[in-house]
$ cat model.cif   # mmCIF, C-alpha atoms and all ligand atoms
data_upload
loop_
_atom_site.label_atom_id
_atom_site.label_comp_id
_atom_site.auth_asym_id
_atom_site.auth_seq_id
_atom_site.Cartn_x
_atom_site.Cartn_y
_atom_site.Cartn_z
CA MET A 1 100.62 121.37 111.37
CA TRP A 2 103.28 123.75 112.73
CA SER A 3 101.53 126.85 111.42
CA LYS A 4 98.31 126.53 113.42
CA ASN A 5 98.01 127.05 117.18
CA LYS A 6 96.24 129.15 119.82
CA LEU A 7 98.35 132.21 119.00
CA THR A 8 97.52 132.16 115.27
CA GLU A 9 93.88 131.73 116.27
CA ILE A 10 93.99 134.75 118.63
CA LEU A 11 95.77 136.94 116.06
CA LYS A 12 93.76 135.54 113.11
CA ILE A 13 96.89 134.98 111.01
CA ALA A 14 97.83 132.12 108.69
CA TYR A 15 101.45 131.69 109.85
CA PRO A 16 103.08 132.28 113.27
CA ILE A 17 105.55 134.78 111.80
CA ILE A 18 105.47 138.31 113.17
CA GLN A 19 107.43 141.21 111.68
CA GLY A 20 108.64 143.00 114.79
CA PRO A 21 107.69 146.64 115.27
CA MET A 22 110.69 148.79 114.31
CA SER A 23 110.58 152.53 114.92
CA GLY A 24 111.79 154.27 111.79
CA ALA A 25 111.96 151.09 109.70
CA SER A 26 108.51 149.45 109.77
CA THR A 27 106.78 151.46 107.04
CA PRO A 28 103.06 150.95 106.31
CA ALA A 29 104.15 149.21 103.07
CA LEU A 30 106.25 146.69 105.05
CA VAL A 31 103.54 146.09 107.65
CA ALA A 32 100.87 145.53 104.99
CA ALA A 33 103.10 143.31 102.84
CA VAL A 34 103.79 140.99 105.80
CA SER A 35 100.12 140.86 106.82
CA ASN A 36 99.06 140.22 103.21
CA ALA A 37 101.53 137.32 103.04
CA GLY A 38 99.85 135.62 106.03
CA GLY A 39 102.18 136.84 108.81
CA LEU A 40 101.57 139.78 111.15
CA GLY A 41 103.02 143.18 110.28
CA SER A 42 103.69 145.61 113.15
CA LEU A 43 104.07 149.39 113.03
CA GLY A 44 106.69 150.79 115.44
CA ALA A 45 104.84 153.97 116.38
CA ALA A 46 106.62 155.06 119.56
CA GLN A 47 108.44 157.99 117.92
CA MET A 48 105.48 159.05 115.77
CA SER A 49 103.11 161.94 116.45
CA PRO A 50 99.41 161.10 116.91
CA ASP A 51 98.71 162.41 113.39
CA GLN A 52 101.50 160.32 111.89
CA ILE A 53 100.17 157.23 113.69
CA ARG A 54 96.63 157.86 112.42
CA ASN A 55 97.82 158.46 108.84
CA SER A 56 99.95 155.30 108.94
CA ILE A 57 97.00 153.24 110.20
CA VAL A 58 94.82 154.62 107.39
CA GLU A 59 97.56 153.75 104.88
CA ILE A 60 98.00 150.22 106.25
CA ARG A 61 94.23 149.68 106.06
CA SER A 62 94.23 150.85 102.44
CA LEU A 63 96.89 148.21 101.65
CA THR A 64 95.61 145.19 103.58
CA LYS A 65 92.39 143.79 104.99
CA ASN A 66 94.36 141.48 107.31
CA PRO A 67 95.23 142.09 110.99
CA PHE A 68 98.24 144.21 111.93
CA ALA A 69 99.76 145.54 115.16
CA VAL A 70 100.73 149.02 116.37
CA ASN A 71 103.49 149.32 119.00
CA LEU A 72 104.29 151.93 121.67
CA PHE A 73 106.82 152.21 124.53
CA VAL A 74 105.70 151.97 128.18
CA PRO A 75 106.07 155.55 129.47
CA GLU A 76 109.05 156.02 131.81
CA ASN A 77 109.15 158.21 134.89
CA ASN A 78 112.63 159.62 134.42
CA ASN A 79 112.57 163.25 135.50
CA LYS A 80 114.14 165.90 133.31
CA PRO A 81 117.88 165.99 134.10
CA SER A 82 119.40 169.03 135.81
CA LYS A 83 121.04 171.86 133.83
CA GLU A 84 124.47 170.62 134.99
CA MET A 85 123.80 167.11 133.68
CA ILE A 86 122.59 168.47 130.34
CA ASN A 87 125.62 170.77 130.06
CA HIS A 88 127.99 167.90 130.82
CA ALA A 89 126.27 165.57 128.31
CA ASN A 90 126.39 168.33 125.69
CA LYS A 91 130.09 168.95 126.35
CA ILE A 92 130.85 165.31 125.44
CA LEU A 93 128.45 165.24 122.48
CA ASN A 94 129.88 168.49 121.09
CA SER A 95 132.98 166.63 119.87
CA PHE A 96 130.70 164.68 117.48
CA ARG A 97 128.79 167.83 116.53
CA LYS A 98 132.08 169.47 115.54
CA LYS A 99 132.90 166.53 113.28
CA LEU A 100 129.44 166.82 111.69
CA ASP A 101 129.74 170.63 111.47
CA ILE A 102 126.46 171.34 113.30
CA GLU A 103 125.45 173.75 116.08
CA LEU A 104 126.96 173.02 119.52
CA SER A 105 125.07 172.58 122.82
CA PRO A 106 121.48 172.61 121.51
CA ASP A 107 118.51 172.80 123.90
CA LEU A 108 116.95 169.59 125.13
CA LYS A 109 113.79 169.26 123.04
CA PRO A 110 111.29 166.61 124.22
CA LEU A 111 108.77 165.12 121.79
CA PRO A 112 105.86 167.55 121.30
CA PHE A 113 103.18 164.92 122.17
CA THR A 114 102.39 162.54 125.00
CA PHE A 115 101.98 158.78 125.33
CA ASN A 116 98.28 159.26 126.11
CA GLU A 117 97.76 161.21 122.88
CA GLN A 118 99.42 158.36 120.96
CA LEU A 119 97.37 155.73 122.80
CA ASN A 120 94.14 157.61 122.09
CA VAL A 121 94.69 157.18 118.35
CA ILE A 122 95.12 153.43 118.84
CA LEU A 123 91.89 153.31 120.85
CA GLU A 124 89.95 155.55 118.45
CA GLU A 125 91.15 153.62 115.41
CA LYS A 126 90.44 150.29 117.18
CA VAL A 127 93.53 148.69 115.67
CA PRO A 128 93.34 144.88 115.73
CA ILE A 129 96.48 144.41 117.88
CA PHE A 130 98.44 146.64 120.27
CA SER A 131 101.96 145.68 121.33
CA PHE A 132 104.36 147.40 123.70
CA THR A 133 107.89 147.18 125.05
CA PHE A 134 109.99 148.68 127.91
CA GLY A 135 108.41 146.82 130.79
CA ILE A 136 105.03 146.45 132.36
CA MET A 137 102.11 148.58 131.16
CA SER A 138 99.62 149.41 133.89
CA ALA A 139 96.66 147.02 134.23
CA GLU A 140 94.41 150.08 133.86
CA ILE A 141 95.74 150.86 130.36
CA ILE A 142 95.63 147.19 129.36
CA LYS A 143 91.97 147.09 130.41
CA GLN A 144 91.22 150.29 128.47
CA VAL A 145 92.73 148.70 125.34
CA LYS A 146 91.08 145.33 125.82
CA ASP A 147 87.68 146.98 126.39
CA LYS A 148 87.96 148.03 122.72
CA LYS A 149 88.44 144.33 121.78
CA ILE A 150 92.07 145.00 120.86
CA ILE A 151 94.49 142.08 121.39
CA VAL A 152 97.46 143.06 123.61
CA ILE A 153 101.08 141.85 123.33
CA GLY A 154 103.74 142.72 125.95
CA THR A 155 107.52 142.20 125.83
CA ALA A 156 109.53 140.35 128.49
CA THR A 157 113.28 139.85 128.84
CA THR A 158 113.00 137.67 131.98
CA THR A 159 110.56 135.16 133.45
CA ARG A 160 109.72 137.62 136.25
CA GLU A 161 108.64 140.24 133.71
CA ALA A 162 106.64 137.63 131.76
CA LYS A 163 104.70 136.65 134.91
CA LEU A 164 103.98 140.30 135.73
CA LEU A 165 102.76 140.90 132.17
CA GLU A 166 100.44 137.91 132.39
CA GLN A 167 99.02 139.28 135.66
CA THR A 168 98.21 142.63 134.01
CA GLY A 169 96.08 140.83 131.43
CA VAL A 170 98.12 140.77 128.19
CA ASP A 171 97.08 138.09 125.67
CA ILE A 172 100.53 137.16 124.33
CA ILE A 173 104.13 137.62 125.49
CA VAL A 174 107.20 138.34 123.36
CA ALA A 175 110.22 136.59 124.94
CA GLN A 176 113.09 138.84 123.85
CA GLY A 177 116.46 137.09 123.92
CA SER A 178 119.72 138.99 124.27
CA GLU A 179 120.48 138.38 120.57
CA ALA A 180 117.70 140.77 119.55
CA GLY A 181 118.22 143.94 117.57
CA GLY A 182 116.92 147.23 118.93
CA HIS A 183 116.27 148.23 122.53
CA ARG A 184 116.15 145.80 125.41
CA GLY A 185 112.49 145.64 126.35
CA SER A 186 113.27 145.33 130.06
CA ALA A 187 111.30 146.90 132.89
CA ALA A 188 112.83 149.84 134.77
CA ASP A 189 113.75 147.72 137.82
CA THR A 190 115.38 144.89 135.84
CA GLN A 191 119.19 144.80 136.08
CA ILE A 192 120.76 144.55 132.63
CA GLU A 193 123.63 142.29 133.79
CA GLY A 194 121.19 139.60 134.91
CA ALA A 195 118.72 140.09 132.11
CA LEU A 196 120.88 139.40 129.05
CA ILE A 197 119.41 135.94 128.63
CA GLY A 198 119.88 134.21 125.28
CA GLY A 199 116.76 132.94 123.51
CA MET A 200 117.73 129.28 123.92
CA ALA A 201 117.64 129.71 127.71
CA LEU A 202 114.82 132.26 127.92
CA ILE A 203 112.09 130.77 125.73
CA PRO A 204 111.52 127.44 127.57
CA GLN A 205 111.73 129.14 130.98
CA ILE A 206 109.08 131.72 130.10
CA VAL A 207 106.92 129.09 128.39
CA ASP A 208 106.99 127.01 131.60
CA HIS A 209 105.95 129.94 133.80
CA VAL A 210 102.99 131.47 131.95
CA ASN A 211 99.69 130.14 130.66
CA ILE A 212 99.40 132.41 127.62
CA PRO A 213 101.13 131.98 124.23
CA VAL A 214 104.74 133.13 123.89
CA MET A 215 106.50 134.42 120.78
CA ALA A 216 110.27 134.16 120.54
CA SER A 217 112.37 137.10 119.39
CA GLY A 218 116.10 137.62 118.90
CA GLY A 219 118.43 136.30 116.22
CA ILE A 220 115.75 134.43 114.26
CA MET A 221 116.44 134.86 110.56
CA ASP A 222 115.31 131.75 108.69
CA GLY A 223 113.35 128.47 108.82
CA ARG A 224 115.93 126.86 111.12
CA GLY A 225 115.43 129.59 113.72
CA ILE A 226 111.64 129.43 113.45
CA ALA A 227 111.59 125.63 113.85
CA ALA A 228 114.00 125.84 116.82
CA ALA A 229 111.83 128.45 118.56
CA LEU A 230 108.71 126.30 118.06
CA VAL A 231 110.55 123.24 119.42
CA LEU A 232 111.50 125.29 122.52
CA GLY A 233 107.81 125.89 123.17
CA ALA A 234 107.20 129.25 121.48
CA SER A 235 103.93 129.58 119.54
CA ALA A 236 105.40 132.09 117.07
CA VAL A 237 108.46 134.16 116.23
CA GLN A 238 108.91 137.92 116.12
CA MET A 239 111.64 138.82 113.64
CA GLY A 240 113.09 142.31 113.25
CA THR A 241 116.50 142.39 111.59
CA ALA A 242 115.45 139.89 108.88
CA PHE A 243 112.86 142.43 107.66
CA LEU A 244 115.24 145.42 107.72
CA THR A 245 116.77 144.50 104.36
CA CYS A 246 113.40 143.82 102.73
CA ARG A 247 112.61 146.21 99.91
CA GLU A 248 109.69 147.78 101.80
CA SER A 249 111.70 148.66 104.93
CA GLY A 250 112.35 152.32 105.69
CA ILE A 251 116.10 152.20 106.34
CA HIS A 252 118.59 154.04 104.17
CA GLN A 253 121.07 152.49 101.78
CA GLN A 254 124.22 152.86 103.94
CA TYR A 255 122.55 151.09 106.90
CA ARG A 256 121.32 148.35 104.55
CA GLU A 257 124.84 147.85 103.22
CA LYS A 258 126.27 147.64 106.76
CA LEU A 259 123.73 144.93 107.65
CA LEU A 260 124.53 142.93 104.54
CA ALA A 261 128.28 143.18 105.22
CA SER A 262 128.00 142.35 108.94
CA THR A 263 129.26 139.30 110.83
CA ASP A 264 128.22 137.72 114.13
CA GLU A 265 130.75 140.03 115.87
CA SER A 266 129.41 143.28 114.43
CA THR A 267 126.93 144.40 117.10
CA ARG A 268 127.27 146.05 120.52
CA LEU A 269 124.88 146.88 123.33
CA THR A 270 125.06 150.60 124.01
CA ARG A 271 123.27 153.30 126.01
CA SER A 272 125.07 156.11 124.24
CA PHE A 273 122.46 157.00 121.62
CA THR A 274 119.30 156.90 123.75
CA GLY A 275 120.10 156.32 127.43
CA ARG A 276 118.64 152.77 127.26
CA TYR A 277 120.48 149.60 126.27
CA VAL A 278 120.05 148.90 122.59
CA ARG A 279 121.78 146.46 120.20
CA GLY A 280 123.18 147.91 117.00
CA ILE A 281 126.10 147.72 114.59
CA ASN A 282 129.25 149.06 116.20
CA ASN A 283 130.69 152.36 115.00
CA GLN A 284 132.87 155.29 116.07
CA PHE A 285 130.14 156.95 118.14
CA ILE A 286 129.55 153.80 120.22
CA GLU A 287 133.31 153.18 120.64
CA GLU A 288 134.20 156.76 121.61
CA MET A 289 131.28 157.07 124.04
CA LYS A 290 132.49 154.03 125.99
CA THR A 291 134.75 156.30 128.02
CA HIS A 292 131.96 158.83 128.71
CA GLN A 293 129.30 156.60 130.22
CA GLU A 294 128.92 158.94 133.20
CA SER A 295 127.68 161.70 130.85
CA ILE A 296 124.75 159.69 129.48
CA LEU A 297 121.29 160.98 130.40
CA PRO A 298 118.51 158.51 131.27
CA HIS A 299 116.13 157.48 128.49
CA PRO A 300 114.47 159.26 126.74
CA TRP A 301 116.53 162.40 127.49
CA GLN A 302 119.75 161.14 125.89
CA ARG A 303 117.71 160.30 122.80
CA PHE A 304 116.40 163.88 122.67
CA LEU A 305 119.91 165.27 123.07
CA THR A 306 121.49 163.11 120.33
CA ARG A 307 118.65 163.73 117.86
CA ASP A 308 120.61 166.45 116.01
CA ILE A 309 123.65 164.16 115.70
CA VAL A 310 121.54 161.28 114.38
CA SER A 311 119.75 163.44 111.84
CA ALA A 312 122.97 165.17 110.63
CA ALA A 313 124.81 161.84 110.35
CA THR A 314 121.89 160.38 108.40
CA GLN A 315 121.78 163.38 106.05
CA GLN A 316 125.54 163.24 105.57
CA LYS A 317 125.36 159.44 105.04
CA ASN A 318 127.91 159.07 107.83
CA THR A 319 127.55 155.56 109.29
CA GLU A 320 130.10 156.29 112.06
CA PHE A 321 127.70 158.59 113.94
CA MET A 322 124.25 157.14 113.20
CA PRO A 323 122.41 154.37 115.01
CA MET A 324 122.04 151.12 113.05
CA TRP A 325 120.03 148.78 115.26
CA SER A 326 120.61 145.13 114.45
CA GLY A 327 120.38 141.67 115.99
CA GLN A 328 123.32 139.30 116.29
CA ALA A 329 122.42 137.31 113.16
CA ALA A 330 122.27 140.13 110.59
CA SER A 331 124.75 138.33 108.36
CA LEU A 332 121.81 136.04 107.45
CA CYS A 333 119.82 139.01 106.04
CA ARG A 334 118.39 138.74 102.53
CA GLU A 335 117.57 141.51 100.10
CA ILE A 336 114.13 140.49 98.89
CA SER A 337 110.54 141.62 99.15
CA ALA A 338 108.68 140.96 102.39
CA SER A 339 106.23 138.59 100.69
CA ASP A 340 109.12 136.61 99.16
CA LEU A 341 110.77 136.46 102.59
CA ILE A 342 107.61 135.05 104.19
CA SER A 343 107.24 132.46 101.38
CA LYS A 344 110.86 131.41 101.79
CA LEU A 345 110.52 131.16 105.57
CA ILE A 346 107.47 128.89 105.24
CA GLU A 347 109.27 126.72 102.68
CA GLU A 348 112.34 126.48 104.94
CA VAL A 349 110.36 125.49 108.05
CA ASN A 350 108.58 122.77 106.05
CA LYS A 351 111.94 121.48 104.81
CA VAL A 352 113.55 121.52 108.29
CA ILE A 353 110.63 119.61 109.77
CA LYS A 354 110.60 117.06 106.92
CA ASN A 355 114.34 116.38 107.27
CA PHE A 356 114.43 116.33 111.06
C1 LIG A 401 115.69 148.89 113.86
C2 LIG A 401 114.89 148.25 114.97
C3 LIG A 401 113.92 148.99 115.62
C4 LIG A 401 113.13 148.40 116.63
N1 LIG A 401 112.13 149.13 117.23
C5 LIG A 401 111.28 148.51 118.09
C6 LIG A 401 110.14 149.20 118.61
O1 LIG A 401 109.91 150.37 118.31
N2 LIG A 401 109.34 148.51 119.48
C7 LIG A 401 109.55 147.19 119.82
O2 LIG A 401 108.77 146.61 120.58
N3 LIG A 401 110.62 146.51 119.34
C8 LIG A 401 111.47 147.14 118.48
N4 LIG A 401 112.53 146.44 117.95
C9 LIG A 401 112.66 144.99 118.26
C10 LIG A 401 111.99 144.13 117.16
O3 LIG A 401 110.61 144.34 117.13
C11 LIG A 401 112.26 142.62 117.34
O4 LIG A 401 111.69 142.16 118.53
C12 LIG A 401 113.75 142.33 117.33
O5 LIG A 401 114.33 142.98 116.23
C13 LIG A 401 114.01 140.83 117.25
O6 LIG A 401 115.37 140.54 117.15
P1 LIG A 401 116.13 140.36 115.72
O7 LIG A 401 116.39 141.74 115.24
O8 LIG A 401 117.39 139.65 116.06
O9 LIG A 401 115.20 139.60 114.83
C14 LIG A 401 113.36 147.03 116.98
C15 LIG A 401 114.37 146.32 116.34
C16 LIG A 401 115.13 146.90 115.34
C17 LIG A 401 116.20 146.08 114.66
#

$ encode --input "model.cif" --output "structure tokens" --more "lines below"
Ligand SMILES: Cc1cc2nc3c(=O)[nH]c(=O)nc-3n(C[C@H](O)[C@H](O)[C@H](O)COP(=O)(O)O)c2cc1C
Amino acid sequence: MWSKNKLTEILKIAYPIIQGPMSGASTPALVAAVSNAGGLGSLGAAQMSPDQIRNSIVEIRSLTKNPFAVNLFVPENNNKPSKEMINHANKILNSFRKKLDIELSPDLKPLPFTFNEQLNVILEEKVPIFSFTFGIMSAEIIKQVKDKKIIVIGTATTTREAKLLEQTGVDIIVAQGSEAGGHRGSAADTQIEGALIGGMALIPQIVDHVNIPVMASGGIMDGRGIAAALVLGASAVQMGTAFLTCRESGIHQQYREKLLASTDESTRLTRSFTGRYVRGINNQFIEEMKTHQESILPHPWQRFLTRDIVSAATQQKNTEFMPMWSGQAASLCREISASDLISKLIEEVNKVIKNF
């Protein structure tokens, strides 16, 4: 039976279908709906304050008795940029601020909480599953989490990263292909040019090099994609974009419409919004920033500096200046409820296998 394996046993889920954590989009309602339908819902908590994380966990627990995951970013050691760098970045970004009619050259405002404060909530709440992206979490933190009997999932974009993650003690690895929506989950020392590996190439290579279960992510939208990932050796799939157009997702209407109208040529990889490579639907901001790459601050500083642009563009419903993260197969998105999506996916996998 395709739906039962070591991974589903570890995660205590009925089907090897994981709704990927998505900062800003994975609402407690979405997470719980996926977990209630037999998959695994994941809360993208990296941009949330400790209080918001705790409240979301309480809400998820009020909506489902099934396991769910909470996701954070591996903290990065990028020092605060110099005044000159910030001034230069602001000078470039001011042209967008003028178009949005907002204040020019704002101060750089970091998030008012730390990774450790976020992690403490996860430990105190003893969530069933903790996942992370952006490289290799220290073995010390992994041990701290596992001591609480929390299952740990790390993200790899290369075989080298997958092996390092296994060494630190994670239970499961997400193999993130270059098709994937959202940020590249690469480690700080991984070169982007060499690490844009498509899922078809990445999944079997990672599967061959680690002894723990692997879940495939990137461009998987329906039963065909799930069956293909399982054939390549993955034990499960992690799908993001497919859940963005579900009724329970937290994205706004204009973004939803862009996803539904997209084609396989719609996305770009860009550093312009956050300072880290991320895949999203192309727009004027991404295009115009192509000639100002030297002004981009390292992650997360660029993210802090563009926050006013993102929030004004969102308020003004201006899709040309807002981020719209998406994988390369968004044209296969469906506008249904998360539980209907899971039912359809299961039905499709069964059909693909029967007809193979
Ligand atoms: C809007 C959006 C936000 C995301 N945020 C996160 C995140 O906070 N943490 C994370 O590990 N992955 C994040 N991802 C990646 C997804 O969890 C998932 O691995 C990816 O979307 C799979 O590729 P697909 O979109 O082609 O299905 C995000 C993806 C999207 C589309």

$ residues_near_ligand --input "model.cif" --ligand "ligand LIG 401 (chain A)" --cutoff "7 Å" --atoms "all atoms listed in the file" --output "PyMOL selection string"
chain A and resi 20-25+44-46+71-73+131-133+155+176+179-183+185+217-221+238-242+324-329

$ closest_residue --input "model.cif" --among "A:Val74, A:Ile136, A:Ala229, A:Ile53" --to "Asn120 of chain A" --atoms "only C-alpha atoms"
A:Ile53

$ atom_distance --input "model.cif" --atom1 "atom CA of Leu259 of chain A" --atom2 "atom CA of Met215 of chain A"
24.1 Å

$ residues_around --input "model.cif" --residues "segment 297-310 of chain A" --least-positions-apart "6" --cutoff "9 Å" --atoms "all atoms listed in the file" --output "ChimeraX atom specification"
/A:76,78-81,85-86,89-90,93,96-97,100,102-103,105-111,271-276,321-323

$ write_last_selection --input "model.cif" --atoms "C-alpha atoms" --output "PDB file, in the frame of the given file"
ATOM      1  CA  GLU A  76     109.050 156.020 131.810  1.00  0.00           C
ATOM      2  CA  ASN A  78     112.630 159.620 134.420  1.00  0.00           C
ATOM      3  CA  ASN A  79     112.570 163.250 135.500  1.00  0.00           C
ATOM      4  CA  LYS A  80     114.140 165.900 133.310  1.00  0.00           C
ATOM      5  CA  PRO A  81     117.880 165.990 134.100  1.00  0.00           C
ATOM      6  CA  MET A  85     123.800 167.110 133.680  1.00  0.00           C
ATOM      7  CA  ILE A  86     122.590 168.470 130.340  1.00  0.00           C
ATOM      8  CA  ALA A  89     126.270 165.570 128.310  1.00  0.00           C
ATOM      9  CA  ASN A  90     126.390 168.330 125.690  1.00  0.00           C
ATOM     10  CA  LEU A  93     128.450 165.240 122.480  1.00  0.00           C
ATOM     11  CA  PHE A  96     130.700 164.680 117.480  1.00  0.00           C
ATOM     12  CA  ARG A  97     128.790 167.830 116.530  1.00  0.00           C
ATOM     13  CA  LEU A 100     129.440 166.820 111.690  1.00  0.00           C
ATOM     14  CA  ILE A 102     126.460 171.340 113.300  1.00  0.00           C
ATOM     15  CA  GLU A 103     125.450 173.750 116.080  1.00  0.00           C
ATOM     16  CA  SER A 105     125.070 172.580 122.820  1.00  0.00           C
ATOM     17  CA  PRO A 106     121.480 172.610 121.510  1.00  0.00           C
ATOM     18  CA  ASP A 107     118.510 172.800 123.900  1.00  0.00           C
ATOM     19  CA  LEU A 108     116.950 169.590 125.130  1.00  0.00           C
ATOM     20  CA  LYS A 109     113.790 169.260 123.040  1.00  0.00           C
ATOM     21  CA  PRO A 110     111.290 166.610 124.220  1.00  0.00           C
ATOM     22  CA  LEU A 111     108.770 165.120 121.790  1.00  0.00           C
ATOM     23  CA  ARG A 271     123.270 153.300 126.010  1.00  0.00           C
ATOM     24  CA  SER A 272     125.070 156.110 124.240  1.00  0.00           C
ATOM     25  CA  PHE A 273     122.460 157.000 121.620  1.00  0.00           C
ATOM     26  CA  THR A 274     119.300 156.900 123.750  1.00  0.00           C
ATOM     27  CA  GLY A 275     120.100 156.320 127.430  1.00  0.00           C
ATOM     28  CA  ARG A 276     118.640 152.770 127.260  1.00  0.00           C
ATOM     29  CA  PHE A 321     127.700 158.590 113.940  1.00  0.00           C
ATOM     30  CA  MET A 322     124.250 157.140 113.200  1.00  0.00           C
ATOM     31  CA  PRO A 323     122.410 154.370 115.010  1.00  0.00           C
TER      32      PRO A 323
END

$ closest_residue --input "model.cif" --among "A:Pro112, A:Pro16, A:Gly177, A:Gly250" --to "Ser235 of chain A" --atoms "all atoms listed in the file"
A:Pro16

$ closest_atom_pairs --input "model.cif" --of "segment 14-46 of chain A" --to "segment 335-352 of chain A" --cutoff "9 Å" --atoms "all atoms listed in the file" --output "Markdown table"
| residue | atom | partner | partner_atom | distance |
| --- | --- | --- | --- | --- |
| A:Tyr15 | CA | A:Ile346 | CA | 8.1 |
| A:Ile17 | CA | A:Ile342 | CA | 7.9 |
| A:Leu30 | CA | A:Ala338 | CA | 6.8 |
| A:Val31 | CA | A:Ala338 | CA | 9.0 |
| A:Ala33 | CA | A:Ser339 | CA | 6.1 |
| A:Val34 | CA | A:Ala338 | CA | 6.0 |
| A:Ser35 | CA | A:Ser339 | CA | 8.9 |
| A:Asn36 | CA | A:Ser339 | CA | 7.8 |
| A:Ala37 | CA | A:Ser339 | CA | 5.4 |
| A:Gly38 | CA | A:Ile342 | CA | 8.0 |
| A:Gly39 | CA | A:Ile342 | CA | 7.4 |

$ write_last_selection --input "model.cif" --atoms "C-alpha atoms" --output "compact mmCIF listing (two decimals), keeping the file's coordinate frame"
# COMPACT_ATOMS: atom_id res chain seq x y z
CA TYR A 15 101.45 131.69 109.85
CA ILE A 17 105.55 134.78 111.80
CA LEU A 30 106.25 146.69 105.05
CA VAL A 31 103.54 146.09 107.65
CA ALA A 33 103.10 143.31 102.84
CA VAL A 34 103.79 140.99 105.80
CA SER A 35 100.12 140.86 106.82
CA ASN A 36 99.06 140.22 103.21
CA ALA A 37 101.53 137.32 103.04
CA GLY A 38 99.85 135.62 106.03
CA GLY A 39 102.18 136.84 108.81

$ atom_distance --input "model.cif" --atom1 "atom CA of Pro67 of chain A" --atom2 "atom CA of Thr8 of chain A"
11.1 Å

$ residues_near_point --input "model.cif" --point "(122.3, 147.8, 122.0)" --cutoff "7 Å" --atoms "all atoms listed in the file" --output "CSV table (one decimal) with C-alpha atoms, in the coordinates of the input"
chain,number,residue,atom,x,y,z
A,182,GLY,CA,116.9,147.2,118.9
A,183,HIS,CA,116.3,148.2,122.5
A,268,ARG,CA,127.3,146.0,120.5
A,269,LEU,CA,124.9,146.9,123.3
A,270,THR,CA,125.1,150.6,124.0
A,271,ARG,CA,123.3,153.3,126.0
A,277,TYR,CA,120.5,149.6,126.3
A,278,VAL,CA,120.0,148.9,122.6
A,279,ARG,CA,121.8,146.5,120.2
A,280,GLY,CA,123.2,147.9,117.0

$ build_atoms --input "model.cif" --residues "segment 249-259 of chain A" --atoms "N, CA, C and O atoms" --output "short mmCIF file (atom, residue, chain, number, x, y, z; two decimals), in the coordinates of the input"
data_model
loop_
_atom_site.label_atom_id
_atom_site.label_comp_id
_atom_site.auth_asym_id
_atom_site.auth_seq_id
_atom_site.Cartn_x
_atom_site.Cartn_y
_atom_site.Cartn_z
N SER A 249 111.30 148.06 103.64
CA SER A 249 111.70 148.66 104.93
C SER A 249 112.16 150.11 104.73
O SER A 249 112.58 150.49 103.64
N GLY A 250 112.09 150.88 105.82
CA GLY A 250 112.35 152.32 105.69
C GLY A 250 113.79 152.73 105.95
O GLY A 250 114.07 153.92 106.09
N ILE A 251 114.72 151.80 106.01
CA ILE A 251 116.10 152.20 106.34
C ILE A 251 116.83 152.69 105.10
O ILE A 251 116.46 152.37 103.97
N HIS A 252 117.89 153.49 105.33
CA HIS A 252 118.59 154.04 104.17
C HIS A 252 119.68 153.09 103.68
O HIS A 252 120.05 152.13 104.36
N GLN A 253 120.18 153.40 102.51
CA GLN A 253 121.07 152.49 101.78
C GLN A 253 122.34 152.13 102.56
O GLN A 253 122.76 150.97 102.59
N GLN A 254 122.94 153.12 103.24
CA GLN A 254 124.22 152.86 103.94
C GLN A 254 124.01 151.85 105.08
O GLN A 254 124.84 150.98 105.31
N TYR A 255 122.92 152.00 105.79
CA TYR A 255 122.55 151.09 106.90
C TYR A 255 122.33 149.69 106.33
O TYR A 255 122.84 148.69 106.85
N ARG A 256 121.59 149.62 105.23
CA ARG A 256 121.32 148.35 104.55
C ARG A 256 122.63 147.65 104.19
O ARG A 256 122.81 146.45 104.42
N GLU A 257 123.55 148.43 103.63
CA GLU A 257 124.84 147.85 103.22
C GLU A 257 125.62 147.33 104.42
O GLU A 257 126.26 146.29 104.37
N LYS A 258 125.58 148.07 105.53
CA LYS A 258 126.27 147.64 106.76
C LYS A 258 125.69 146.31 107.26
O LYS A 258 126.43 145.43 107.70
N LEU A 259 124.36 146.18 107.20
CA LEU A 259 123.73 144.93 107.65
C LEU A 259 124.19 143.77 106.79
O LEU A 259 124.55 142.71 107.29
#
